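Undergrad: The following file, work_36.pdb, comprises PDB, C-alpha atoms, pLDDT in the B column:
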```
MODEL        1
ATOM      1  CA  MET U   1       6.877 -20.620 -14.100  1.00 40.00           C
ATOM      2  CA  GLY U   2       8.902 -18.814 -16.786  1.00 43.00           C
ATOM      3  CA  GLU U   3       9.359 -15.076 -17.124  1.00 49.00           C
ATOM      4  CA  GLY U   4       5.935 -14.439 -18.641  1.00 48.00           C
ATOM      5  CA  GLY U   5       3.848 -11.636 -17.167  1.00 43.00           C
ATOM      6  CA  ALA U   6       1.252 -14.192 -16.121  1.00 44.00           C
ATOM      7  CA  GLU U   7       2.285 -14.595 -12.505  1.00 88.00           C
ATOM      8  CA  ARG U   8       3.671 -11.149 -11.747  1.00 96.00           C
ATOM      9  CA  TRP U   9       2.114  -9.050  -8.970  1.00 98.00           C
ATOM     10  CA  LEU U  10       1.863  -5.288  -8.548  1.00 98.00           C
ATOM     11  CA  VAL U  11       2.121  -3.947  -4.996  1.00 98.00           C
ATOM     12  CA  VAL U  12       1.236  -0.255  -4.719  1.00 98.00           C
ATOM     13  CA  GLY U  13       1.829   1.847  -1.627  1.00 98.00           C
ATOM     14  CA  LEU U  14      -0.307   4.979  -1.381  1.00 98.00           C
ATOM     15  CA  GLY U  15       0.895   8.386  -0.235  1.00 98.00           C
ATOM     16  CA  ASN U  16       1.624  11.918  -1.364  1.00 98.00           C
ATOM     17  CA  PRO U  17       4.968  12.639  -3.054  1.00 96.00           C
ATOM     18  CA  GLY U  18       7.654  14.935  -1.662  1.00 95.00           C
ATOM     19  CA  PRO U  19       9.392  15.551   1.668  1.00 96.00           C
ATOM     20  CA  LYS U  20       6.568  17.697   3.044  1.00 96.00           C
ATOM     21  CA  TYR U  21       4.308  14.622   3.261  1.00 97.00           C
ATOM     22  CA  ALA U  22       6.874  11.895   3.926  1.00 97.00           C
ATOM     23  CA  GLY U  23       6.064  11.379   7.625  1.00 97.00           C
ATOM     24  CA  ASN U  24       2.281  11.824   7.333  1.00 98.00           C
ATOM     25  CA  ARG U  25      -0.176   9.178   8.475  1.00 97.00           C
ATOM     26  CA  HIS U  26      -1.556   9.218   4.925  1.00 97.00           C
ATOM     27  CA  ASN U  27       1.835   7.968   3.686  1.00 98.00           C
ATOM     28  CA  ILE U  28       2.050   4.681   5.558  1.00 98.00           C
ATOM     29  CA  GLY U  29       1.505   2.870   2.235  1.00 98.00           C
ATOM     30  CA  PHE U  30       4.716   4.426   0.883  1.00 98.00           C
ATOM     31  CA  MET U  31       6.524   3.410   4.081  1.00 98.00           C
ATOM     32  CA  VAL U  32       5.474  -0.233   3.686  1.00 98.00           C
ATOM     33  CA  VAL U  33       6.601  -0.576   0.059  1.00 98.00           C
ATOM     34  CA  ASP U  34       9.831   1.242   0.983  1.00 98.00           C
ATOM     35  CA  ALA U  35      10.408  -1.460   3.620  1.00 98.00           C
ATOM     36  CA  LEU U  36       9.755  -4.213   1.053  1.00 98.00           C
ATOM     37  CA  ALA U  37      12.251  -2.660  -1.385  1.00 98.00           C
ATOM     38  CA  GLU U  38      14.805  -2.147   1.370  1.00 98.00           C
ATOM     39  CA  ARG U  39      14.608  -5.806   2.448  1.00 97.00           C
ATOM     40  CA  ARG U  40      15.830  -6.765  -1.015  1.00 96.00           C
ATOM     41  CA  GLY U  41      18.278  -3.916  -1.517  1.00 97.00           C
ATOM     42  CA  GLU U  42      16.245  -2.617  -4.472  1.00 97.00           C
ATOM     43  CA  ARG U  43      16.449   0.961  -5.714  1.00 97.00           C
ATOM     44  CA  TRP U  44      13.466   2.981  -6.925  1.00 98.00           C
ATOM     45  CA  LYS U  45      13.395   4.046 -10.577  1.00 98.00           C
ATOM     46  CA  ALA U  46      11.127   6.510 -12.335  1.00 98.00           C
ATOM     47  CA  HIS U  47       8.489   4.940 -14.601  1.00 97.00           C
ATOM     48  CA  LYS U  48       6.644   6.668 -17.435  1.00 97.00           C
ATOM     49  CA  ALA U  49       3.312   5.779 -15.790  1.00 97.00           C
ATOM     50  CA  HIS U  50       4.059   8.597 -13.331  1.00 97.00           C
ATOM     51  CA  ALA U  51       5.265   6.333 -10.549  1.00 98.00           C
ATOM     52  CA  GLU U  52       8.430   5.084  -8.950  1.00 98.00           C
ATOM     53  CA  VAL U  53       8.949   1.347  -9.278  1.00 98.00           C
ATOM     54  CA  ALA U  54      11.257  -1.354  -7.948  1.00 98.00           C
ATOM     55  CA  GLU U  55      11.151  -4.741  -9.681  1.00 97.00           C
ATOM     56  CA  THR U  56      12.046  -7.684  -7.498  1.00 97.00           C
ATOM     57  CA  ARG U  57      11.101 -11.203  -6.435  1.00 95.00           C
ATOM     58  CA  ILE U  58       9.580 -12.304  -3.156  1.00 94.00           C
ATOM     59  CA  ASP U  59      10.284 -16.007  -2.605  1.00 92.00           C
ATOM     60  CA  GLY U  60      10.496 -16.470  -6.364  1.00 92.00           C
ATOM     61  CA  VAL U  61       7.307 -14.514  -7.087  1.00 95.00           C
ATOM     62  CA  PRO U  62       7.983 -11.639  -9.532  1.00 97.00           C
ATOM     63  CA  VAL U  63       6.634  -8.384  -8.153  1.00 98.00           C
ATOM     64  CA  VAL U  64       6.644  -4.721  -9.085  1.00 98.00           C
ATOM     65  CA  LEU U  65       6.632  -2.440  -6.056  1.00 98.00           C
ATOM     66  CA  ALA U  66       5.248   0.998  -6.860  1.00 98.00           C
ATOM     67  CA  LYS U  67       4.679   4.468  -5.443  1.00 98.00           C
ATOM     68  CA  PRO U  68       2.503   6.781  -7.574  1.00 98.00           C
ATOM     69  CA  ARG U  69       4.117  10.187  -8.073  1.00 97.00           C
ATOM     70  CA  SER U  70       0.727  11.843  -8.374  1.00 96.00           C
ATOM     71  CA  TYR U  71      -1.125  13.151  -5.373  1.00 95.00           C
ATOM     72  CA  MET U  72      -3.217  10.665  -3.423  1.00 97.00           C
ATOM     73  CA  ASN U  73      -6.534  11.589  -5.048  1.00 96.00           C
ATOM     74  CA  LEU U  74      -5.041  10.882  -8.509  1.00 97.00           C
ATOM     75  CA  SER U  75      -3.436   7.518  -7.639  1.00 98.00           C
ATOM     76  CA  GLY U  76      -5.640   5.636 -10.103  1.00 98.00           C
ATOM     77  CA  GLY U  77      -3.927   6.846 -13.287  1.00 98.00           C
ATOM     78  CA  PRO U  78      -0.471   5.525 -12.323  1.00 98.00           C
ATOM     79  CA  VAL U  79      -1.914   2.242 -10.980  1.00 98.00           C
ATOM     80  CA  ALA U  80      -3.888   1.608 -14.196  1.00 98.00           C
ATOM     81  CA  GLY U  81      -0.834   2.578 -16.270  1.00 98.00           C
ATOM     82  CA  LEU U  82       1.423   0.151 -14.403  1.00 98.00           C
ATOM     83  CA  SER U  83      -1.202  -2.610 -14.533  1.00 98.00           C
ATOM     84  CA  SER U  84      -1.347  -2.212 -18.301  1.00 98.00           C
ATOM     85  CA  PHE U  85       2.449  -1.861 -18.802  1.00 98.00           C
ATOM     86  CA  TYR U  86       3.329  -4.908 -16.694  1.00 97.00           C
ATOM     87  CA  LYS U  87       0.218  -6.876 -17.777  1.00 95.00           C
ATOM     88  CA  VAL U  88      -0.912  -7.446 -14.184  1.00 96.00           C
ATOM     89  CA  PRO U  89      -4.660  -8.094 -13.789  1.00 96.00           C
ATOM     90  CA  LYS U  90      -6.579  -6.505 -10.926  1.00 97.00           C
ATOM     91  CA  GLU U  91      -6.675  -9.875  -9.127  1.00 96.00           C
ATOM     92  CA  ARG U  92      -2.911  -9.563  -8.542  1.00 97.00           C
ATOM     93  CA  ILE U  93      -2.830  -5.906  -7.534  1.00 98.00           C
ATOM     94  CA  VAL U  94      -2.246  -5.224  -3.836  1.00 98.00           C
ATOM     95  CA  VAL U  95      -2.817  -1.682  -2.557  1.00 98.00           C
ATOM     96  CA  VAL U  96      -1.342  -0.728   0.830  1.00 98.00           C
ATOM     97  CA  HIS U  97      -3.063   2.252   2.434  1.00 98.00           C
ATOM     98  CA  ASP U  98      -3.860   4.054   5.679  1.00 98.00           C
ATOM     99  CA  GLU U  99      -7.242   3.269   7.240  1.00 96.00           C
ATOM    100  CA  LEU U 100      -9.102   5.585   9.638  1.00 95.00           C
ATOM    101  CA  ASP U 101     -11.691   2.974  10.568  1.00 93.00           C
ATOM    102  CA  ILE U 102      -9.124   0.654  12.157  1.00 94.00           C
ATOM    103  CA  ALA U 103      -7.248   1.278  15.410  1.00 95.00           C
ATOM    104  CA  TYR U 104      -3.664   2.501  15.134  1.00 96.00           C
ATOM    105  CA  GLY U 105      -1.340  -0.432  14.542  1.00 95.00           C
ATOM    106  CA  ALA U 106      -4.112  -2.851  13.569  1.00 97.00           C
ATOM    107  CA  LEU U 107      -4.075  -4.527  10.177  1.00 97.00           C
ATOM    108  CA  LYS U 108      -6.888  -5.826   7.952  1.00 97.00           C
ATOM    109  CA  LEU U 109      -6.685  -7.449   4.536  1.00 97.00           C
ATOM    110  CA  LYS U 110      -9.490  -7.851   2.030  1.00 97.00           C
ATOM    111  CA  ARG U 111     -10.349  -8.029  -1.633  1.00 97.00           C
ATOM    112  CA  GLY U 112     -12.790  -5.518  -3.079  1.00 97.00           C
ATOM    113  CA  GLY U 113     -15.185  -3.266  -1.224  1.00 96.00           C
ATOM    114  CA  GLY U 114     -15.899   0.438  -1.168  1.00 94.00           C
ATOM    115  CA  ALA U 115     -13.472   3.328  -0.846  1.00 94.00           C
ATOM    116  CA  GLY U 116     -14.684   4.254   2.635  1.00 89.00           C
ATOM    117  CA  GLY U 117     -13.971   7.923   2.010  1.00 90.00           C
ATOM    118  CA  HIS U 118     -10.353   7.180   0.972  1.00 96.00           C
ATOM    119  CA  ASN U 119      -9.533   9.347  -2.063  1.00 96.00           C
ATOM    120  CA  GLY U 120      -6.709   7.099  -3.226  1.00 97.00           C
ATOM    121  CA  LEU U 121      -8.928   4.009  -3.303  1.00 98.00           C
ATOM    122  CA  ARG U 122     -11.731   5.922  -4.991  1.00 98.00           C
ATOM    123  CA  SER U 123      -9.353   6.998  -7.749  1.00 98.00           C
ATOM    124  CA  ILE U 124      -7.921   3.476  -8.220  1.00 98.00           C
ATOM    125  CA  THR U 125     -11.350   1.816  -8.350  1.00 98.00           C
ATOM    126  CA  SER U 126     -12.439   4.376 -10.939  1.00 98.00           C
ATOM    127  CA  SER U 127      -9.295   3.974 -13.106  1.00 98.00           C
ATOM    128  CA  LEU U 128      -9.372   0.156 -12.969  1.00 98.00           C
ATOM    129  CA  SER U 129     -13.185   0.172 -13.459  1.00 97.00           C
ATOM    130  CA  SER U 130     -13.291  -2.356 -10.622  1.00 97.00           C
ATOM    131  CA  PRO U 131     -12.922  -2.511  -6.843  1.00 98.00           C
ATOM    132  CA  ASP U 132     -11.678  -6.137  -6.967  1.00 97.00           C
ATOM    133  CA  TYR U 133      -8.042  -5.568  -6.050  1.00 98.00           C
ATOM    134  CA  ILE U 134      -6.562  -6.598  -2.707  1.00 98.00           C
ATOM    135  CA  ARG U 135      -6.204  -4.007   0.051  1.00 98.00           C
ATOM    136  CA  VAL U 136      -3.776  -4.150   2.956  1.00 98.00           C
ATOM    137  CA  ARG U 137      -5.326  -1.672   5.373  1.00 98.00           C
ATOM    138  CA  ALA U 138      -2.943  -0.224   7.949  1.00 98.00           C
ATOM    139  CA  GLY U 139      -4.897   1.265  10.831  1.00 97.00           C
ATOM    140  CA  ILE U 140      -4.160   4.863  11.808  1.00 97.00           C
ATOM    141  CA  GLY U 141      -7.162   5.322  14.105  1.00 95.00           C
ATOM    142  CA  ARG U 142      -9.634   8.171  14.305  1.00 93.00           C
ATOM    143  CA  PRO U 143      -8.650  11.802  14.863  1.00 93.00           C
ATOM    144  CA  PRO U 144      -8.855  13.003  18.454  1.00 88.00           C
ATOM    145  CA  GLY U 145     -11.657  15.306  19.561  1.00 90.00           C
ATOM    146  CA  ARG U 146     -13.070  17.385  16.760  1.00 90.00           C
ATOM    147  CA  MET U 147     -10.064  17.329  14.465  1.00 92.00           C
ATOM    148  CA  ASP U 148     -11.065  17.035  10.823  1.00 94.00           C
ATOM    149  CA  ALA U 149     -10.137  13.660   9.296  1.00 93.00           C
ATOM    150  CA  ALA U 150      -8.575  15.359   6.254  1.00 92.00           C
ATOM    151  CA  ALA U 151      -6.270  17.372   8.532  1.00 95.00           C
ATOM    152  CA  TYR U 152      -5.492  14.337  10.710  1.00 97.00           C
ATOM    153  CA  VAL U 153      -4.238  12.129   7.869  1.00 96.00           C
ATOM    154  CA  LEU U 154      -1.912  14.903   6.678  1.00 96.00           C
ATOM    155  CA  LYS U 155      -0.216  15.193  10.083  1.00 97.00           C
ATOM    156  CA  ASP U 156       2.862  13.203  11.038  1.00 97.00           C
ATOM    157  CA  PHE U 157       2.547  10.303  13.458  1.00 97.00           C
ATOM    158  CA  SER U 158       2.719  11.431  17.078  1.00 95.00           C
ATOM    159  CA  SER U 159       5.816  10.715  19.168  1.00 95.00           C
ATOM    160  CA  VAL U 160       3.922   7.955  20.989  1.00 95.00           C
ATOM    161  CA  GLU U 161       2.787   6.414  17.679  1.00 96.00           C
ATOM    162  CA  ARG U 162       6.305   6.627  16.258  1.00 96.00           C
ATOM    163  CA  LYS U 163       7.578   4.254  18.954  1.00 97.00           C
ATOM    164  CA  GLU U 164       5.465   1.506  17.350  1.00 96.00           C
ATOM    165  CA  LEU U 165       5.660   2.675  13.740  1.00 98.00           C
ATOM    166  CA  ASP U 166       8.632   0.602  12.546  1.00 97.00           C
ATOM    167  CA  LEU U 167       7.089  -2.536  13.993  1.00 97.00           C
ATOM    168  CA  ASN U 168       3.733  -1.780  12.339  1.00 97.00           C
ATOM    169  CA  ILE U 169       5.401  -1.150   8.976  1.00 98.00           C
ATOM    170  CA  GLU U 170       7.379  -4.404   9.175  1.00 98.00           C
ATOM    171  CA  ARG U 171       4.232  -6.346  10.075  1.00 97.00           C
ATOM    172  CA  ALA U 172       2.317  -4.865   7.130  1.00 98.00           C
ATOM    173  CA  ALA U 173       5.270  -5.711   4.847  1.00 98.00           C
ATOM    174  CA  ASP U 174       5.213  -9.298   6.182  1.00 98.00           C
ATOM    175  CA  ALA U 175       1.480  -9.456   5.428  1.00 98.00           C
ATOM    176  CA  VAL U 176       2.060  -8.324   1.819  1.00 98.00           C
ATOM    177  CA  GLU U 177       4.728 -10.998   1.375  1.00 98.00           C
ATOM    178  CA  CYS U 178       2.330 -13.609   2.756  1.00 97.00           C
ATOM    179  CA  VAL U 179      -0.407 -12.576   0.289  1.00 97.00           C
ATOM    180  CA  LEU U 180       2.016 -13.050  -2.614  1.00 97.00           C
ATOM    181  CA  THR U 181       3.496 -16.346  -1.476  1.00 95.00           C
ATOM    182  CA  GLU U 182       0.646 -18.072   0.368  1.00 95.00           C
ATOM    183  CA  GLY U 183      -2.527 -16.284  -0.726  1.00 96.00           C
ATOM    184  CA  LEU U 184      -4.954 -13.781   0.752  1.00 97.00           C
ATOM    185  CA  GLU U 185      -6.807 -16.234   2.986  1.00 97.00           C
ATOM    186  CA  LYS U 186      -3.654 -17.441   4.721  1.00 97.00           C
ATOM    187  CA  ALA U 187      -2.454 -13.847   5.138  1.00 97.00           C
ATOM    188  CA  GLN U 188      -5.815 -12.882   6.678  1.00 97.00           C
ATOM    189  CA  ASN U 189      -5.597 -15.771   9.130  1.00 96.00           C
ATOM    190  CA  VAL U 190      -2.075 -14.847  10.205  1.00 96.00           C
ATOM    191  CA  TYR U 191      -2.081 -11.038  10.110  1.00 96.00           C
ATOM    192  CA  HIS U 192      -5.641  -9.859  10.713  1.00 88.00           C
ATOM    193  CA  THR U 193      -5.947  -7.977  13.957  1.00 80.00           C
ATOM    194  CA  ALA U 194      -9.051  -9.053  15.856  1.00 70.00           C
ATOM    195  CA  SER U 195     -11.494  -6.156  16.097  1.00 56.00           C
TER     196      SER U 195
ENDMDL
END
```
Could you write out this structure as structure tokens?

TA:
Amino acid sequence: MGEGGAERWLVVGLGNPGPKYAGNRHNIGFMVVDALAERRGERWKAHKAHAEVAETRIDGVPVVLAKPRSYMNLSGGPVAGLSSFYKVPKERIVVVHDELDIAYGALKLKRGGGAGGHNGLRSITSSLSSPDYIRVRAGIGRPPGRMDAAAYVLKDFSSVERKELDLNIERAADAVECVLTEGLEKAQNVYHTAS
């Protein structure tokens, strides 16, 4: 295997930086990569690509965990910068993000596709000039009643949702590990929530 950049992965959690946003539904991507770093006792370090990174190994697979320090709609710049710095091709980039079109707690994994109105994905696809990275989509469900989706994603999880949140985060982290060690197809078979 060697230490070459050839087999390294980049796992990016999406969110908005700062304490004001930390508990928001939009920040579940950050929460998942935090859990992955915590499992290995890794500390986050600032990177010049305007992101925080933690370099580690998951079952021998070298991986860079990352949280862009830009706002969500500018996530692409840091992701492209890290991809270039660590020489990770888009095929080995995994983006963990919140997904309105999936029920709360459900999980879907896929490669490629549209942004589905998600500003972070739109920015990443634009900066990488390709949609062909892997997405781990953590369901947050649709806003209740007439609440605007943009307002909904920037609210914290409800007290009822929080009861399940840790479990959901751990399951998404498990799914990421499975993608890296056993491939996307196996991870889809194990972790996909039936619609």

Undergrad: Running the PyMOL selection byres ((chain U and resi 78) around 10) on this model by hand, what would come out? Give it as JSON, numbers by chain.

TA: {"U": [12, 47, 48, 49, 50, 51, 52, 66, 67, 68, 69, 70, 74, 75, 76, 77, 79, 80, 81, 82, 83, 84, 124, 127]}

Undergrad: Give the answer as one residue: which of U:Ala22, U:Val88, U:Met31, U:Leu100 has the shortest atom-to-atom distance to Ala149 of chain U, using all atoms listed in the file?

TA: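 Of the candidates, the smallest distance to Ala149 of chain U is held by U:Leu100.
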
Undergrad: Select, from U:Asn189, U:Thr181, U:Asn24, U:Ser130, the residue with the minimum atom-to-atom distance to Ala151 of chain U, counting all atoms listed in the file.

TA: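 Closest residue, counting all atoms listed in the file: U:Asn24.
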
Undergrad: With 4 Å added on each side, what axis-aligned box encloses every listed atom of segment 9-19 of chain U? Give the centre and edge lengths in Å to one decimal, as JSON.

TA:
```
{"center_x": 4.5, "center_y": 3.3, "center_z": -3.7, "size_x": 17.7, "size_y": 32.6, "size_z": 18.6}
```

Undergrad: Hey, can you pull every residue with an atom no more than 9 Å from (1.7, 2.0, -1.6), using all atoms listed in the file, and send it as a PDB file with C-alpha atoms, in the frame of the given file?

TA:
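That gives us selection39.pdb:
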```pdb
ATOM      1  CA  VAL U  11       2.121  -3.947  -4.996  1.00 98.00           C
ATOM      2  CA  VAL U  12       1.236  -0.255  -4.719  1.00 98.00           C
ATOM      3  CA  GLY U  13       1.829   1.847  -1.627  1.00 98.00           C
ATOM      4  CA  LEU U  14      -0.307   4.979  -1.381  1.00 98.00           C
ATOM      5  CA  GLY U  15       0.895   8.386  -0.235  1.00 98.00           C
ATOM      6  CA  ASN U  27       1.835   7.968   3.686  1.00 98.00           C
ATOM      7  CA  ILE U  28       2.050   4.681   5.558  1.00 98.00           C
ATOM      8  CA  GLY U  29       1.505   2.870   2.235  1.00 98.00           C
ATOM      9  CA  PHE U  30       4.716   4.426   0.883  1.00 98.00           C
ATOM     10  CA  MET U  31       6.524   3.410   4.081  1.00 98.00           C
ATOM     11  CA  VAL U  32       5.474  -0.233   3.686  1.00 98.00           C
ATOM     12  CA  VAL U  33       6.601  -0.576   0.059  1.00 98.00           C
ATOM     13  CA  ASP U  34       9.831   1.242   0.983  1.00 98.00           C
ATOM     14  CA  LEU U  65       6.632  -2.440  -6.056  1.00 98.00           C
ATOM     15  CA  ALA U  66       5.248   0.998  -6.860  1.00 98.00           C
ATOM     16  CA  LYS U  67       4.679   4.468  -5.443  1.00 98.00           C
ATOM     17  CA  PRO U  68       2.503   6.781  -7.574  1.00 98.00           C
ATOM     18  CA  VAL U  94      -2.246  -5.224  -3.836  1.00 98.00           C
ATOM     19  CA  VAL U  95      -2.817  -1.682  -2.557  1.00 98.00           C
ATOM     20  CA  VAL U  96      -1.342  -0.728   0.830  1.00 98.00           C
ATOM     21  CA  HIS U  97      -3.063   2.252   2.434  1.00 98.00           C
TER      22      HIS U  97
END
```

Undergrad: List the residues matched by the PyMOL selection byres ((chain U and resi 120) around 6) in the displayed structure as a ChimeraX atom specification, ordered by chain and then by residue number.

TA: /U:72-73,75,118-119,121-123

Undergrad: To verify the selection step, state as a ChimeraX atom specification which residues the PyMOL selection byres ((chain U and resi 156) around 12) yields on this input.

TA: /U:19-28,140,151-155,157-162,165

Undergrad: Find the distance between atom CA of Glu55 of chain U and atom CA of Leu36 of chain U and write it in Å to one decimal.

TA: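 Between atom CA of Glu55 of chain U and atom CA of Leu36 of chain U the gap is 10.8 Å.
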
Undergrad: Which of these residues is nearest to Asp132 of chain U, using all atoms listed in the file: U:Gly145, U:Glu91, U:Glu99, U:Tyr104?

TA: U:Glu91

Undergrad: Extract, using all atoms listed in the file, all DNA, RNA and protein residues at most 12 Å from Asp174 of chain U, discarding same-chain residues fewer than 5 positions from it, and format them as an NGL selection string.

TA: :U and (32-33 or 35-36 or 39 or 58 or 107 or 136 or 167-169 or 179-182 or 187-188 or 190-192)

Undergrad: Any idea what the distance is between atom CA of Glu164 of chain U and atom CA of Arg146 of chain U?

TA: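 Result for atom CA of Glu164 of chain U versus atom CA of Arg146 of chain U: 24.4 Å, one decimal.
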
Undergrad: How many Å lie between atom CA of Arg142 of chain U and atom CA of Asp101 of chain U, rounded to one decimal?

TA: 6.7 Å

Undergrad: Can you tell me, as a PyMOL selection string, what residues are no more than 7 Å from Arg8 of chain U when counting all atoms listed in the file, ignoring any on the same chain fewer than 3 positions away?

TA: chain U and resi 5+61-63+88

Undergrad: Using all atoms listed in the file, can you tell me which of U:Arg92, U:Ala138, U:Tyr71, U:Lys186 comes closest to Gly18 of chain U?

TA: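 Counting all atoms listed in the file, the residue closest to Gly18 of chain U is U:Tyr71.
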
Undergrad: Supply segment 142-157 of chain U as an mmCIF file, keeping the file's coordinate frame, with N, CA and C atoms built in where the input has gaps.

TA:
```cif
data_model
loop_
_atom_site.group_PDB
_atom_site.id
_atom_site.type_symbol
_atom_site.label_atom_id
_atom_site.label_comp_id
_atom_site.auth_asym_id
_atom_site.auth_seq_id
_atom_site.Cartn_x
_atom_site.Cartn_y
_atom_site.Cartn_z
ATOM 1 N N ARG U 142 -8.818 6.978 14.547
ATOM 2 C CA ARG U 142 -9.634 8.171 14.305
ATOM 3 C C ARG U 142 -8.973 9.417 14.894
ATOM 4 N N PRO U 143 -9.220 10.582 14.290
ATOM 5 C CA PRO U 143 -8.650 11.802 14.863
ATOM 6 C C PRO U 143 -9.206 12.078 16.248
ATOM 7 N N PRO U 144 -8.389 12.687 17.101
ATOM 8 C CA PRO U 144 -8.855 13.003 18.454
ATOM 9 C C PRO U 144 -9.835 14.173 18.436
ATOM 10 N N GLY U 145 -10.755 14.160 19.387
ATOM 11 C CA GLY U 145 -11.657 15.306 19.561
ATOM 12 C C GLY U 145 -12.391 15.656 18.297
ATOM 13 N N ARG U 146 -12.304 16.928 17.924
ATOM 14 C CA ARG U 146 -13.070 17.385 16.760
ATOM 15 C C ARG U 146 -12.187 17.590 15.549
ATOM 16 N N MET U 147 -10.958 17.099 15.608
ATOM 17 C CA MET U 147 -10.064 17.329 14.465
ATOM 18 C C MET U 147 -10.649 16.717 13.193
ATOM 19 N N ASP U 148 -10.570 17.478 12.119
ATOM 20 C CA ASP U 148 -11.065 17.035 10.823
ATOM 21 C C ASP U 148 -10.211 15.865 10.321
ATOM 22 N N ALA U 149 -10.860 14.838 9.782
ATOM 23 C CA ALA U 149 -10.137 13.660 9.296
ATOM 24 C C ALA U 149 -9.111 14.027 8.217
ATOM 25 N N ALA U 150 -9.484 14.970 7.339
ATOM 26 C CA ALA U 150 -8.575 15.359 6.254
ATOM 27 C C ALA U 150 -7.295 15.996 6.806
ATOM 28 N N ALA U 151 -7.443 16.755 7.895
ATOM 29 C CA ALA U 151 -6.270 17.372 8.532
ATOM 30 C C ALA U 151 -5.445 16.308 9.270
ATOM 31 N N TYR U 152 -6.141 15.389 9.910
ATOM 32 C CA TYR U 152 -5.492 14.337 10.710
ATOM 33 C C TYR U 152 -4.568 13.457 9.855
ATOM 34 N N VAL U 153 -5.053 13.036 8.685
ATOM 35 C CA VAL U 153 -4.238 12.129 7.869
ATOM 36 C C VAL U 153 -3.002 12.825 7.302
ATOM 37 N N LEU U 154 -3.061 14.157 7.210
ATOM 38 C CA LEU U 154 -1.912 14.903 6.678
ATOM 39 C C LEU U 154 -0.968 15.387 7.778
ATOM 40 N N LYS U 155 -1.162 14.898 9.002
ATOM 41 C CA LYS U 155 -0.216 15.193 10.083
ATOM 42 C C LYS U 155 0.722 14.006 10.247
ATOM 43 N N ASP U 156 1.917 14.284 10.764
ATOM 44 C CA ASP U 156 2.862 13.203 11.038
ATOM 45 C C ASP U 156 2.370 12.368 12.218
ATOM 46 N N PHE U 157 2.858 11.139 12.302
ATOM 47 C CA PHE U 157 2.547 10.303 13.458
ATOM 48 C C PHE U 157 3.045 10.991 14.720
#
```
